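The structure appears below as structure tokens.
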Amino acid sequence: MSTNPVEGEVERQSSTHRKPIHDVEKVVIRFCGDSGDGMQLTGTQFTNASAIAGNDLATFPDFPAEIRAPAGSLAGVSGFQLNFSSLEVNTPGDQPDVLVAMNPAALRTNLPDLKAGGILLCDTAAFSPANLKRAGYEKNPIEDGTLAAFELFSLDITRQNDLAVKEVEGLSQRERFRTRNFYCLGLMYWLYNRPMETTLNWIKMKFAKEPAFLEANIQALKAGYNYGETTDLFKASYRVPAAKLAPGTYRSISGNVAAALGFIAAAQKCGKMLFLGSYPITPASDILHELSRYKGHNVVTFQAEDEIAGVCSAIGASFGGALGLTTTSGPGMALKAEAINLALMVELPLVITDIQRGGPSTGLPTKTEQADLLQACYGRNSESSLPVIAAATPSDCFYMAIEAFRLAVKYMTPVIYLTDGYLANGSE
């Protein structure tokens with residue numbers, strides 16, 4: 001038996017659940033808060049737990065375009081939406097069934113999307129007069145009846161979390177505050193009967209060299225779970241049964257990771273070295289990061305000094321007999337145009353991956369558009385037609401990466417491969 005009272009409590013409650021559990025076919029949940037509130041991490045961990053539970057799923061991370069907007073401002077809200085189900089899932093969902101709002105700004109920007117009668121969880125500590133004013137509220141919406149159309153659960157997450165981690169030595173008040181996303185995650189794990197083991201193992205690996213953070217995050221996660229079971233705030237919890245999937249091994253995968261694995265698979269099928277020459281640019285950089293981990297699989301990555309150097313290095317690799325690849329987004333596509341023309345003129349196989357983002361010129365790094373199609377098709381001088389293909393889903397990024405290189409090698413031509421920020425960062 002565990003000597004840790006919090007850990008022991010979790011074990012006891014998970015084996016003798018005292019509250020009724022309602023089965024539902026699917027749930028769309030959205031976590032939202034300030035950029036520093038850890039909503040992306042919270043959503044990712046909930047996604048991984050749902051994948052382990054056997055649900056089909058799709059995710060939609062939503063980052064603010066502003067560079068670290070002021071805390072509590074509408075522009076600084078970050079969100080993560082997950083659709084998990086016992087049925088087949090094709091999209092991250094249109095309207096969330098559950099909205100977790102960590103501050104007034106998150107509530108104001110996301111409340112219009114919440115379904116009528118949906119579950120709304122708010123951290124009351126964040127609804128201070130100053131934060132309400134920043135979000136444009138004259139009165140506290142938790143108290144004035146504004147939220148009567150929803151199933152509102154308002155609790156002082158900040159205070160409850162602080163009580164859970166206050167005994168952990170070596171942490172400042174600010175550092176204790178930053179663990180509240182794990183308290184919230186634990187609460188959601190209880191509400192939807194998600195397994196905590198995946199997140200606990202992640203915490204142990206992530207903070208192996210930081211024992212104070214390791215202990216605090218574990219305590220916060222388990223305290224949130226315990227609160228759901230012991231409080232009278234929640235009368236029941238919910239369970240989404242495992243999806244009836246064809247036999248096989250499944251994993252949660254993002255579009256960028258799927259594309260990277262697809263490029264490696266294409267190189268293996270060709271029996272060639274894969275060379276990536278790329279300049280880091282959001283949201284394409286993850287492909288560079290992912291491929292750099294596979295040096296043992298005949299993969300070479302080169303972080304170039306600019307976009308032109310990235311594509312020209314890939315052209316040189318193709319000229320030398322490797323599979324040349326470069327990754328970019330809209331601004332980089334404009335800079336690479338002349339070099340793409342060169343590869344077309346000398347008939348070299350080359351794949352140019354454009355992870356599209358919003359805005360003209362340098363654009364908006366974390367906002368998404370699918371607005372590079374005309375540039376991909378016609379953004380070169382003279383007779384410069386070449387194949388342009390696009391992925392449909394995060395997992396489809398894998399297959400289209402292989403298809404891009406198949407076309408490039410078969411017809412000895414550059415191929416432009418389009419995805420976007422939603423596919424790149426989203427998972428299924």
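Ordering of the structure tokens sets the chain letters (A, B, ...); residue numbers start at 1 within each chain; ligands are numbered from 1 in the order shown.
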**OP:** Within 8 Å of range 267-275 of chain A, counting only C-alpha atoms, which residues show up once you throw out same-chain ones fewer than 5 positions away? Write them as a PyMOL selection string, please.
**Re:** chain A and resi 298-302+314+317+321-325
How about saving the chosen residues, C-alpha atoms kept, as a CSV table (one decimal), in the first residue's frame?
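Saved to result_23.csv:
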chain,number,residue,atom,x,y,z
A,298,ASN,CA,20.1,7.4,-43.7
A,299,VAL,CA,18.6,10.9,-43.1
A,300,VAL,CA,20.7,14.1,-43.2
A,301,THR,CA,19.3,17.4,-42.0
A,302,PHE,CA,20.8,20.8,-42.7
A,314,ALA,CA,18.3,20.3,-51.3
A,317,ALA,CA,21.6,16.8,-52.7
A,321,GLY,CA,21.7,11.3,-56.1
A,322,ALA,CA,19.9,11.8,-52.8
A,323,LEU,CA,16.2,12.6,-52.3
A,324,GLY,CA,16.2,16.4,-51.9
A,325,LEU,CA,13.6,17.9,-49.6
Subject >> Residue contacts of Leu407 in chain A (9 Å, only C-alpha atoms) excluding same-chain residues fewer than 6 positions away, as a list of chain:residue names >> reply: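 My list of contacting residues is A:Pro349, A:Pro387, A:Thr413, A:Pro414, A:Val415.
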Sorted per-residue table, range 144-223 of chain A near range 229-240 of chain A, closest atoms and distance, 6 Å, only C-alpha atoms, as a Markdown table:
| residue | atom | partner | partner_atom | distance |
| --- | --- | --- | --- | --- |
| A:Leu191 | CA | A:Ser237 | CA | 4.7 |
| A:Tyr192 | CA | A:Tyr238 | CA | 4.7 |
| A:Asn193 | CA | A:Arg239 | CA | 5.8 |
If DSSP is run on the backbone, what residues of range 90-175 of chain A are strand (DSSP E or B)? A reply as a tab-separated table (two decimals) with N, CA, C and O atoms, in the first residue's frame would be ideal.
chain	number	residue	atom	x	y	z
A	98	VAL	N	-17.62	20.76	-23.92
A	98	VAL	CA	-17.01	21.15	-22.65
A	98	VAL	C	-16.02	22.28	-22.92
A	98	VAL	O	-15.19	22.18	-23.83
A	99	LEU	N	-16.10	23.33	-22.13
A	99	LEU	CA	-15.16	24.44	-22.24
A	99	LEU	C	-14.50	24.65	-20.89
A	99	LEU	O	-15.19	24.89	-19.88
A	100	VAL	N	-13.19	24.57	-20.86
A	100	VAL	CA	-12.42	24.86	-19.66
A	100	VAL	C	-11.78	26.23	-19.87
A	100	VAL	O	-10.91	26.39	-20.72
A	101	ALA	N	-12.24	27.23	-19.11
A	101	ALA	CA	-11.77	28.61	-19.27
A	101	ALA	C	-10.99	29.01	-18.03
A	101	ALA	O	-11.55	29.11	-16.94
A	119	ILE	N	-20.99	21.86	-20.74
A	119	ILE	CA	-20.28	21.99	-19.47
A	119	ILE	C	-19.27	23.11	-19.56
A	119	ILE	O	-18.48	23.19	-20.51
A	120	LEU	N	-19.27	23.98	-18.55
A	120	LEU	CA	-18.35	25.11	-18.50
A	120	LEU	C	-17.63	25.08	-17.16
A	120	LEU	O	-18.27	25.12	-16.10
A	121	LEU	N	-16.31	25.00	-17.20
A	121	LEU	CA	-15.50	24.99	-15.99
A	121	LEU	C	-14.65	26.24	-15.95
A	121	LEU	O	-13.90	26.53	-16.89
A	122	CYS	N	-14.76	27.03	-14.87
A	122	CYS	CA	-14.02	28.29	-14.74
A	122	CYS	C	-13.23	28.31	-13.44
A	122	CYS	O	-13.70	27.81	-12.41
A	123	ASP	N	-12.05	28.92	-13.50
A	123	ASP	CA	-11.24	29.15	-12.31
A	123	ASP	C	-11.63	30.50	-11.73
A	123	ASP	O	-11.26	31.55	-12.26
A	151	GLU	N	-24.08	24.41	-18.15
A	151	GLU	CA	-23.87	23.69	-16.90
A	151	GLU	C	-22.56	24.19	-16.31
A	151	GLU	O	-21.49	23.69	-16.65
A	152	LEU	N	-22.65	25.18	-15.44
A	152	LEU	CA	-21.47	25.88	-14.94
A	152	LEU	C	-20.92	25.22	-13.69
A	152	LEU	O	-21.65	24.96	-12.73
A	153	PHE	N	-19.60	24.97	-13.73
A	153	PHE	CA	-18.86	24.51	-12.55
A	153	PHE	C	-17.78	25.54	-12.28
A	153	PHE	O	-16.79	25.62	-13.02
A	154	SER	N	-17.98	26.35	-11.28
A	154	SER	CA	-16.99	27.38	-10.94
A	154	SER	C	-16.32	26.99	-9.63
A	154	SER	O	-16.99	26.75	-8.62
A	155	LEU	N	-15.00	26.90	-9.65
A	155	LEU	CA	-14.26	26.56	-8.45
A	155	LEU	C	-12.93	27.29	-8.45
A	155	LEU	O	-12.42	27.68	-9.51
